[in-house]
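K.L.:
Got input.cif for you, mmCIF, C-alpha atoms:
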```
data_model
loop_
_atom_site.label_atom_id
_atom_site.label_comp_id
_atom_site.auth_asym_id
_atom_site.auth_seq_id
_atom_site.Cartn_x
_atom_site.Cartn_y
_atom_site.Cartn_z
CA MET A 1 123.53 105.65 141.61
CA ILE A 2 123.84 109.40 141.11
CA ALA A 3 126.98 110.67 139.35
CA ILE A 4 128.13 114.17 140.35
CA ILE A 5 130.42 115.37 137.58
CA ASP A 6 133.84 116.45 138.86
CA TYR A 7 135.56 119.02 136.66
CA ASP A 8 137.51 120.84 139.38
CA MET A 9 134.88 123.54 139.83
CA GLY A 10 132.28 123.71 142.56
CA ASN A 11 131.36 122.49 146.02
CA LEU A 12 131.06 118.84 145.02
CA ARG A 13 131.27 117.30 148.47
CA SER A 14 128.36 119.36 149.83
CA VAL A 15 126.18 118.20 146.93
CA GLN A 16 127.19 114.59 147.57
CA LYS A 17 126.53 114.96 151.30
CA GLY A 18 123.08 116.42 150.59
CA PHE A 19 122.11 113.35 148.60
CA GLU A 20 123.52 111.04 151.28
CA VAL A 21 121.48 112.79 153.98
CA VAL A 22 118.24 111.98 152.12
CA GLY A 23 119.24 108.37 151.46
CA HIS A 24 120.52 108.50 147.86
CA ARG A 25 123.91 107.06 146.89
CA ALA A 26 125.98 109.64 145.02
CA VAL A 27 129.57 109.59 143.80
CA VAL A 28 131.80 112.47 142.75
CA THR A 29 133.53 111.36 139.56
CA ARG A 30 135.03 112.31 136.24
CA ASP A 31 135.26 108.68 135.13
CA ILE A 32 133.32 108.49 131.88
CA GLU A 33 132.19 104.89 132.35
CA THR A 34 130.85 105.65 135.83
CA ILE A 35 128.90 108.61 134.49
CA ASN A 36 127.54 106.52 131.61
CA GLN A 37 126.37 103.80 134.02
CA ALA A 38 124.74 106.19 136.51
CA SER A 39 120.96 106.35 136.79
CA HIS A 40 121.03 110.12 137.47
CA VAL A 41 123.60 112.79 136.59
CA VAL A 42 124.35 116.09 138.34
CA LEU A 43 126.33 119.01 136.89
CA PRO A 44 127.22 121.40 139.73
CA GLY A 45 129.45 124.42 139.39
CA VAL A 46 130.95 127.51 140.99
CA GLY A 47 133.31 129.79 139.10
CA ALA A 48 133.66 131.45 135.71
CA PHE A 49 131.61 130.16 132.78
CA GLY A 50 134.50 130.04 130.29
CA ASP A 51 136.81 128.23 132.72
CA CYS A 52 134.14 125.63 133.43
CA MET A 53 133.58 124.94 129.73
CA ASN A 54 137.34 124.59 129.27
CA ASN A 55 137.57 122.09 132.13
CA LEU A 56 134.64 120.04 130.84
CA ASN A 57 136.36 119.84 127.49
CA ARG A 58 139.78 119.10 129.01
CA TYR A 59 138.45 116.14 130.98
CA GLY A 60 136.39 114.77 128.09
CA LEU A 61 133.14 115.28 129.99
CA ILE A 62 131.03 116.99 127.35
CA ASP A 63 130.11 113.81 125.45
CA PRO A 64 128.96 111.99 128.64
CA ILE A 65 126.70 114.95 129.42
CA TYR A 66 125.15 114.84 125.95
CA ARG A 67 124.76 111.07 126.26
CA ALA A 68 122.97 111.36 129.61
CA ILE A 69 120.55 113.88 128.11
CA ARG A 70 120.04 111.76 124.99
CA ASP A 71 119.38 108.68 127.13
CA GLU A 72 116.78 110.68 129.08
CA LYS A 73 118.39 110.14 132.46
CA PRO A 74 117.23 112.55 135.16
CA PHE A 75 119.74 115.39 134.95
CA LEU A 76 120.28 118.17 137.49
CA GLY A 77 122.21 121.37 136.82
CA ILE A 78 123.09 123.54 139.83
CA CYS A 79 124.12 127.23 139.74
CA LEU A 80 126.86 127.49 137.11
CA GLY A 81 125.94 123.95 136.05
CA TYR A 82 122.50 125.39 135.25
CA GLN A 83 123.96 128.21 133.17
CA LEU A 84 126.30 125.88 131.24
CA LEU A 85 123.30 124.04 129.78
CA PHE A 86 122.41 127.10 127.69
CA GLU A 87 123.82 128.38 124.41
CA GLU A 88 126.13 131.18 125.54
CA SER A 89 127.16 133.48 128.35
CA GLU A 90 128.32 137.10 128.38
CA GLU A 91 130.51 136.56 131.47
CA PHE A 92 133.96 138.05 130.76
CA GLY A 93 133.26 138.05 127.01
CA VAL A 94 131.03 135.76 124.99
CA HIS A 95 131.49 132.05 125.68
CA LYS A 96 129.64 129.17 124.08
CA GLY A 97 127.80 126.83 126.43
CA LEU A 98 126.64 123.26 125.98
CA GLY A 99 123.62 124.37 123.94
CA ILE A 100 121.32 121.74 125.44
CA LEU A 101 118.71 124.37 126.25
CA PRO A 102 117.96 127.51 124.18
CA GLY A 103 118.80 130.80 125.82
CA LYS A 104 121.58 133.05 127.08
CA VAL A 105 123.30 133.95 130.34
CA LYS A 106 123.32 137.66 131.16
CA ALA A 107 124.71 139.91 133.89
CA MET A 108 122.45 140.71 136.84
CA LEU A 109 121.23 144.29 137.01
CA THR A 110 123.03 146.60 139.42
CA VAL A 111 119.97 148.84 140.00
CA ASP A 112 116.28 148.06 140.29
CA ALA A 113 113.37 149.72 138.44
CA GLN A 114 113.31 152.55 141.01
CA GLY A 115 117.03 153.23 140.59
CA ALA A 116 118.05 151.72 143.91
CA SER A 117 121.42 149.95 143.95
CA LEU A 118 121.45 146.16 144.07
CA LYS A 119 124.23 144.24 145.72
CA ILE A 120 125.99 141.94 143.26
CA PRO A 121 126.45 139.03 143.56
CA HIS A 122 122.89 138.22 144.49
CA MET A 123 123.75 136.22 147.59
CA GLY A 124 121.64 134.77 150.36
CA TRP A 125 118.05 133.65 150.83
CA ASN A 126 115.29 134.55 148.40
CA THR A 127 111.95 133.11 147.42
CA ILE A 128 110.85 131.10 144.40
CA GLN A 129 107.48 131.36 142.69
CA ILE A 130 106.47 128.15 140.96
CA ALA A 131 105.47 128.55 137.32
CA GLN A 132 105.19 124.81 136.61
CA PRO A 133 105.53 121.94 139.11
CA ALA A 134 108.52 119.89 137.95
CA PRO A 135 108.94 116.47 139.63
CA PRO A 136 111.90 117.66 141.77
CA LEU A 137 109.62 120.35 143.23
CA ASN A 138 106.96 117.92 144.50
CA GLY A 139 105.70 119.24 147.82
CA ILE A 140 107.45 122.62 147.43
CA ASP A 141 105.19 125.67 147.60
CA SER A 142 105.52 129.08 145.99
CA GLY A 143 107.20 131.43 148.41
CA ALA A 144 109.70 128.84 149.66
CA PHE A 145 113.11 130.27 150.53
CA VAL A 146 116.23 128.92 148.82
CA TYR A 147 119.88 130.01 148.77
CA PHE A 148 121.52 131.92 145.90
CA VAL A 149 125.07 133.00 145.04
CA HIS A 150 125.37 134.42 141.50
CA SER A 151 126.17 137.49 139.42
CA PHE A 152 124.60 136.25 136.17
CA TYR A 153 121.15 134.92 135.32
CA VAL A 154 119.62 132.81 132.56
CA GLU A 155 117.20 134.21 130.01
CA PRO A 156 115.56 131.13 128.43
CA ALA A 157 114.55 131.48 124.79
CA GLN A 158 111.39 129.50 125.52
CA ALA A 159 109.42 130.98 128.41
CA GLU A 160 107.46 127.75 128.87
CA MET A 161 110.53 125.94 130.20
CA THR A 162 110.72 128.30 133.20
CA CYS A 163 109.89 126.31 136.29
CA THR A 164 110.36 128.93 139.01
CA THR A 165 110.96 132.66 139.04
CA THR A 166 112.69 134.88 141.59
CA GLU A 167 112.70 138.65 142.06
CA TYR A 168 115.97 140.53 142.34
CA GLY A 169 115.89 143.76 140.36
CA ILE A 170 113.99 141.82 137.72
CA SER A 171 112.00 138.60 137.69
CA PHE A 172 114.39 135.93 136.41
CA ALA A 173 114.13 132.19 135.74
CA SER A 174 115.56 130.62 138.89
CA SER A 175 114.95 127.09 137.57
CA VAL A 176 113.92 125.40 134.35
CA TRP A 177 112.47 122.04 133.39
CA GLN A 178 112.53 120.32 130.02
CA GLY A 179 112.09 116.57 129.59
CA LYS A 180 114.30 114.89 132.19
CA VAL A 181 116.41 118.01 132.73
CA PHE A 182 115.83 120.13 135.82
CA ALA A 183 118.28 122.91 136.58
CA SER A 184 118.34 125.67 139.18
CA GLN A 185 120.21 128.89 139.75
CA PHE A 186 119.82 128.36 143.49
CA HIS A 187 121.77 125.79 145.48
CA PRO A 188 119.56 122.95 146.79
CA GLU A 189 122.49 121.62 148.85
CA LYS A 190 122.66 124.98 150.70
CA SER A 191 118.90 125.43 151.05
CA GLN A 192 118.35 123.41 154.22
CA GLY A 193 115.06 121.46 154.43
CA ILE A 194 113.60 122.76 151.16
CA GLY A 195 116.79 121.95 149.29
CA LEU A 196 117.05 118.48 150.78
CA SER A 197 113.46 117.79 149.68
CA ILE A 198 114.42 118.82 146.13
CA LEU A 199 117.46 116.51 146.17
CA LYS A 200 115.34 113.65 147.51
CA ASN A 201 112.70 114.22 144.82
CA PHE A 202 115.38 114.32 142.15
CA GLY A 203 116.86 111.03 143.31
CA ASN A 204 113.40 109.46 143.24
CA TRP A 205 112.69 110.75 139.73
CA ARG A 206 112.38 108.01 137.11
#
```
Show me this structure written as structure tokens.
P.N.:
Amino acid sequence: MIAIIDYDMGNLRSVQKGFEVVGHRAVVTRDIETINQASHVVLPGVGAFGDCMNNLNRYGLIDPIYRAIRDEKPFLGICLGYQLLFEESEEFGVHKGLGILPGKVKAMLTVDAQGASLKIPHMGWNTIQIAQPAPPLNGIDSGAFVYFVHSFYVEPAQAEMTCTTTEYGISFASSVWQGKVFASQFHPEKSQGIGLSILKNFGNWR
């Protein structure tokens, strides 16, 4: 059973529905015992970094996240849930993250290297280039299109954890992989067939 952590932020039902479409049972929950008993854990998220950290703390959900990582359960972070895994974010001031992965969250550039303006948030379809083939990306090729909605990006402290990169003003880490943690800036649940394949692979990950 896949536990999708409910902390009042994010499109939880669409993530749950994505898993159901590919045949994996998933529940949206903030019940600590349910999260602890799950075989896989998902941390989604849409909103402001600081507010999300506050909600995780308010609902007592930080310890279950650490426990899932410590127990080496397959763990998926999506969008803001990806960013929260890192040490800190500069969104609306400096906010401490979960510190599970080394690195920082920074604001997307508003102009590219040629000085052309970039629309922020980075929203819509863009491609991923695969740097290392994490298990959730089995069968996914470089150049696949996935769906993004974000104004901040992750700069991992360890380049080797970068799983895919995407170009938007700069080349940024659009997903990372370390141990049993896979996390993406893009939304698999919004990425049609490619995204459903990623969710299916994640649910099959042991």
K.L.:
Please report as a Markdown table every residue of segment 130-204 of chain A lying within 9 Å of segment 18-21 of chain A, along with the nearest atom pair and their distance in Å (one decimal), using all atoms listed in the file.
P.N.:
```
| residue | atom | partner | partner_atom | distance |
| --- | --- | --- | --- | --- |
| A:Pro188 | CA | A:Gly18 | CA | 8.3 |
| A:Glu189 | CA | A:Gly18 | CA | 5.5 |
| A:Lys190 | CA | A:Gly18 | CA | 8.6 |
| A:Gly195 | CA | A:Gly18 | CA | 8.5 |
| A:Leu196 | CA | A:Gly18 | CA | 6.4 |
| A:Leu199 | CA | A:Phe19 | CA | 6.1 |
| A:Lys200 | CA | A:Phe19 | CA | 6.9 |
| A:Gly203 | CA | A:Phe19 | CA | 7.8 |
```
K.L.:
Contacts of Gly60 of chain A at 12 Å or less, counting all atoms listed in the file, minus same-chain residues fewer than 6 places along, as a PyMOL selection string?
P.N.:
chain A and resi 5-7+30-33+35+53-54+66
K.L.:
I would like the residues chosen by the PyMOL selection byres ((chain A and resi 186) around 12) on the shown file; could you give them as a VMD selection string?
P.N.:
chain A and resid 44 to 46 76 to 83 122 to 128 144 to 154 164 to 166 172 to 176 182 to 185 187 to 192 194 to 195 198
K.L.:
Could you save the residues just selected, with C-alpha atoms, as a short mmCIF file (atom, residue, chain, number, x, y, z; two decimals), in the coordinates of the input?
P.N.:
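Okay, this is what ended up in result-v2.cif:
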```
data_model
loop_
_atom_site.label_atom_id
_atom_site.label_comp_id
_atom_site.auth_asym_id
_atom_site.auth_seq_id
_atom_site.Cartn_x
_atom_site.Cartn_y
_atom_site.Cartn_z
CA PRO A 44 127.22 121.40 139.73
CA GLY A 45 129.45 124.42 139.39
CA VAL A 46 130.95 127.51 140.99
CA LEU A 76 120.28 118.17 137.49
CA GLY A 77 122.21 121.37 136.82
CA ILE A 78 123.09 123.54 139.83
CA CYS A 79 124.12 127.23 139.74
CA LEU A 80 126.86 127.49 137.11
CA GLY A 81 125.94 123.95 136.05
CA TYR A 82 122.50 125.39 135.25
CA GLN A 83 123.96 128.21 133.17
CA HIS A 122 122.89 138.22 144.49
CA MET A 123 123.75 136.22 147.59
CA GLY A 124 121.64 134.77 150.36
CA TRP A 125 118.05 133.65 150.83
CA ASN A 126 115.29 134.55 148.40
CA THR A 127 111.95 133.11 147.42
CA ILE A 128 110.85 131.10 144.40
CA ALA A 144 109.70 128.84 149.66
CA PHE A 145 113.11 130.27 150.53
CA VAL A 146 116.23 128.92 148.82
CA TYR A 147 119.88 130.01 148.77
CA PHE A 148 121.52 131.92 145.90
CA VAL A 149 125.07 133.00 145.04
CA HIS A 150 125.37 134.42 141.50
CA SER A 151 126.17 137.49 139.42
CA PHE A 152 124.60 136.25 136.17
CA TYR A 153 121.15 134.92 135.32
CA VAL A 154 119.62 132.81 132.56
CA THR A 164 110.36 128.93 139.01
CA THR A 165 110.96 132.66 139.04
CA THR A 166 112.69 134.88 141.59
CA PHE A 172 114.39 135.93 136.41
CA ALA A 173 114.13 132.19 135.74
CA SER A 174 115.56 130.62 138.89
CA SER A 175 114.95 127.09 137.57
CA VAL A 176 113.92 125.40 134.35
CA PHE A 182 115.83 120.13 135.82
CA ALA A 183 118.28 122.91 136.58
CA SER A 184 118.34 125.67 139.18
CA GLN A 185 120.21 128.89 139.75
CA HIS A 187 121.77 125.79 145.48
CA PRO A 188 119.56 122.95 146.79
CA GLU A 189 122.49 121.62 148.85
CA LYS A 190 122.66 124.98 150.70
CA SER A 191 118.90 125.43 151.05
CA GLN A 192 118.35 123.41 154.22
CA ILE A 194 113.60 122.76 151.16
CA GLY A 195 116.79 121.95 149.29
CA ILE A 198 114.42 118.82 146.13
#
```
K.L.:
Under the rule that only C-alpha atoms are counted, which of A:Glu90, A:Arg13, A:Pro64, A:Leu118 is the nearest residue to Lys106 of chain A?
P.N.:
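Smallest distance to Lys106 of chain A is found for A:Glu90.
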K.L.:
Work out how far atom CA of Ile100 of chain A is from atom CA of Leu85 of chain A, in Å to one decimal.
P.N.:
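One can read the atom CA of Leu85 of chain A to atom CA of Ile100 of chain A distance as 5.3 Å.
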K.L.:
What is the atom CA of Gln132 of chain A-atom CA of Pro156 of chain A distance in Å, reported with one decimal?
P.N.:
14.6 Å
K.L.:
Given the file shown, determine the residues that the PyMOL selection byres ((chain A and resi 95) around 12) selects; report them as a ChimeraX atom specification.
P.N.:
/A:48-54,83-84,86-94,96-99,104-106
K.L.:
Which one of A:Ser197, A:Thr162, A:Thr29, A:Asn11 sits closest to Leu101 of chain A if you count all atoms listed in the file?
P.N.:
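Among the listed residues, A:Thr162 lies closest to Leu101 of chain A.
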K.L.:
What is the atom CA of Val15 of chain A to atom CA of Glu160 of chain A distance in Å?
P.N.:
27.7 Å
K.L.:
Which one is closest to Pro102 of chain A: A:Arg206, A:Met161, A:Met1, A:Val22? Count all atoms listed in the file.
P.N.:
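Between A:Arg206, A:Met161, A:Met1, A:Val22, the residue approaching Pro102 of chain A most closely is A:Met161.
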K.L.:
Write out N, CA and C atoms for segment 46-80 of chain A, as an mmCIF file, in the coordinates of the input.
P.N.:
```
data_model
loop_
_atom_site.group_PDB
_atom_site.id
_atom_site.type_symbol
_atom_site.label_atom_id
_atom_site.label_comp_id
_atom_site.auth_asym_id
_atom_site.auth_seq_id
_atom_site.Cartn_x
_atom_site.Cartn_y
_atom_site.Cartn_z
ATOM 1 N N VAL A 46 130.697 126.184 140.429
ATOM 2 C CA VAL A 46 130.950 127.510 140.990
ATOM 3 C C VAL A 46 132.190 128.025 140.304
ATOM 4 N N GLY A 47 132.144 129.240 139.775
ATOM 5 C CA GLY A 47 133.310 129.790 139.100
ATOM 6 C C GLY A 47 132.920 130.539 137.843
ATOM 7 N N ALA A 48 133.874 130.707 136.946
ATOM 8 C CA ALA A 48 133.660 131.450 135.710
ATOM 9 C C ALA A 48 133.184 130.507 134.598
ATOM 10 N N PHE A 49 132.233 130.961 133.830
ATOM 11 C CA PHE A 49 131.610 130.160 132.780
ATOM 12 C C PHE A 49 132.643 129.609 131.800
ATOM 13 N N GLY A 50 133.511 130.467 131.282
ATOM 14 C CA GLY A 50 134.500 130.040 130.290
ATOM 15 C C GLY A 50 135.463 129.005 130.848
ATOM 16 N N ASP A 51 135.912 129.196 132.096
ATOM 17 C CA ASP A 51 136.810 128.230 132.720
ATOM 18 C C ASP A 51 136.145 126.877 132.882
ATOM 19 N N CYS A 52 134.872 126.898 133.252
ATOM 20 C CA CYS A 52 134.140 125.630 133.430
ATOM 21 C C CYS A 52 134.006 124.889 132.109
ATOM 22 N N MET A 53 133.682 125.593 131.036
ATOM 23 C CA MET A 53 133.580 124.940 129.730
ATOM 24 C C MET A 53 134.925 124.357 129.327
ATOM 25 N N ASN A 54 135.998 125.096 129.591
ATOM 26 C CA ASN A 54 137.340 124.590 129.270
ATOM 27 C C ASN A 54 137.651 123.310 130.041
ATOM 28 N N ASN A 55 137.299 123.279 131.319
ATOM 29 C CA ASN A 55 137.570 122.090 132.130
ATOM 30 C C ASN A 55 136.727 120.903 131.678
ATOM 31 N N LEU A 56 135.475 121.135 131.349
ATOM 32 C CA LEU A 56 134.640 120.040 130.840
ATOM 33 C C LEU A 56 135.245 119.438 129.580
ATOM 34 N N ASN A 57 135.739 120.306 128.719
ATOM 35 C CA ASN A 57 136.360 119.840 127.490
ATOM 36 C C ASN A 57 137.684 119.118 127.778
ATOM 37 N N ARG A 58 138.468 119.669 128.695
ATOM 38 C CA ARG A 58 139.780 119.100 129.010
ATOM 39 C C ARG A 58 139.667 117.688 129.574
ATOM 40 N N TYR A 59 138.632 117.455 130.374
ATOM 41 C CA TYR A 59 138.450 116.140 130.980
ATOM 42 C C TYR A 59 137.573 115.192 130.151
ATOM 43 N N GLY A 60 137.191 115.626 128.959
ATOM 44 C CA GLY A 60 136.390 114.770 128.090
ATOM 45 C C GLY A 60 134.987 114.509 128.617
ATOM 46 N N LEU A 61 134.406 115.489 129.319
ATOM 47 C CA LEU A 61 133.140 115.280 129.990
ATOM 48 C C LEU A 61 131.931 115.797 129.227
ATOM 49 N N ILE A 62 132.152 116.441 128.097
ATOM 50 C CA ILE A 62 131.030 116.990 127.350
ATOM 51 C C ILE A 62 130.205 115.874 126.706
ATOM 52 N N ASP A 63 130.849 114.910 126.084
ATOM 53 C CA ASP A 63 130.110 113.810 125.450
ATOM 54 C C ASP A 63 129.277 113.011 126.465
ATOM 55 N N PRO A 64 129.804 112.673 127.658
ATOM 56 C CA PRO A 64 128.960 111.990 128.640
ATOM 57 C C PRO A 64 127.730 112.787 129.065
ATOM 58 N N ILE A 65 127.863 114.105 129.102
ATOM 59 C CA ILE A 65 126.700 114.950 129.420
ATOM 60 C C ILE A 65 125.658 114.830 128.320
ATOM 61 N N TYR A 66 126.093 114.968 127.062
ATOM 62 C CA TYR A 66 125.150 114.840 125.950
ATOM 63 C C TYR A 66 124.506 113.449 125.950
ATOM 64 N N ARG A 67 125.291 112.435 126.260
ATOM 65 C CA ARG A 67 124.760 111.070 126.260
ATOM 66 C C ARG A 67 123.696 110.908 127.342
ATOM 67 N N ALA A 68 123.952 111.457 128.524
ATOM 68 C CA ALA A 68 122.970 111.360 129.610
ATOM 69 C C ALA A 68 121.654 112.028 129.217
ATOM 70 N N ILE A 69 121.757 113.181 128.560
ATOM 71 C CA ILE A 69 120.550 113.880 128.110
ATOM 72 C C ILE A 69 119.847 113.064 127.034
ATOM 73 N N ARG A 70 120.616 112.553 126.093
ATOM 74 C CA ARG A 70 120.040 111.760 124.990
ATOM 75 C C ARG A 70 119.363 110.493 125.517
ATOM 76 N N ASP A 71 119.954 109.888 126.545
ATOM 77 C CA ASP A 71 119.380 108.680 127.130
ATOM 78 C C ASP A 71 118.235 108.962 128.088
ATOM 79 N N GLU A 72 117.898 110.230 128.238
ATOM 80 C CA GLU A 72 116.780 110.680 129.080
ATOM 81 C C GLU A 72 116.940 110.250 130.540
ATOM 82 N N LYS A 73 118.165 110.336 131.028
ATOM 83 C CA LYS A 73 118.390 110.140 132.460
ATOM 84 C C LYS A 73 118.008 111.425 133.189
ATOM 85 N N PRO A 74 117.449 111.324 134.381
ATOM 86 C CA PRO A 74 117.230 112.550 135.160
ATOM 87 C C PRO A 74 118.545 113.303 135.333
ATOM 88 N N PHE A 75 118.519 114.581 134.991
ATOM 89 C CA PHE A 75 119.740 115.390 134.950
ATOM 90 C C PHE A 75 119.482 116.669 135.738
ATOM 91 N N LEU A 76 120.405 116.984 136.644
ATOM 92 C CA LEU A 76 120.280 118.170 137.490
ATOM 93 C C LEU A 76 121.460 119.097 137.277
ATOM 94 N N GLY A 77 121.187 120.338 136.895
ATOM 95 C CA GLY A 77 122.210 121.370 136.820
ATOM 96 C C GLY A 77 122.045 122.331 137.988
ATOM 97 N N ILE A 78 123.142 122.665 138.650
ATOM 98 C CA ILE A 78 123.090 123.540 139.830
ATOM 99 C C ILE A 78 123.977 124.756 139.616
ATOM 100 N N CYS A 79 123.410 125.954 139.796
ATOM 101 C CA CYS A 79 124.120 127.230 139.740
ATOM 102 C C CYS A 79 124.844 127.391 138.401
ATOM 103 N N LEU A 80 126.163 127.370 138.387
ATOM 104 C CA LEU A 80 126.860 127.490 137.110
ATOM 105 C C LEU A 80 126.566 126.283 136.217
#
```
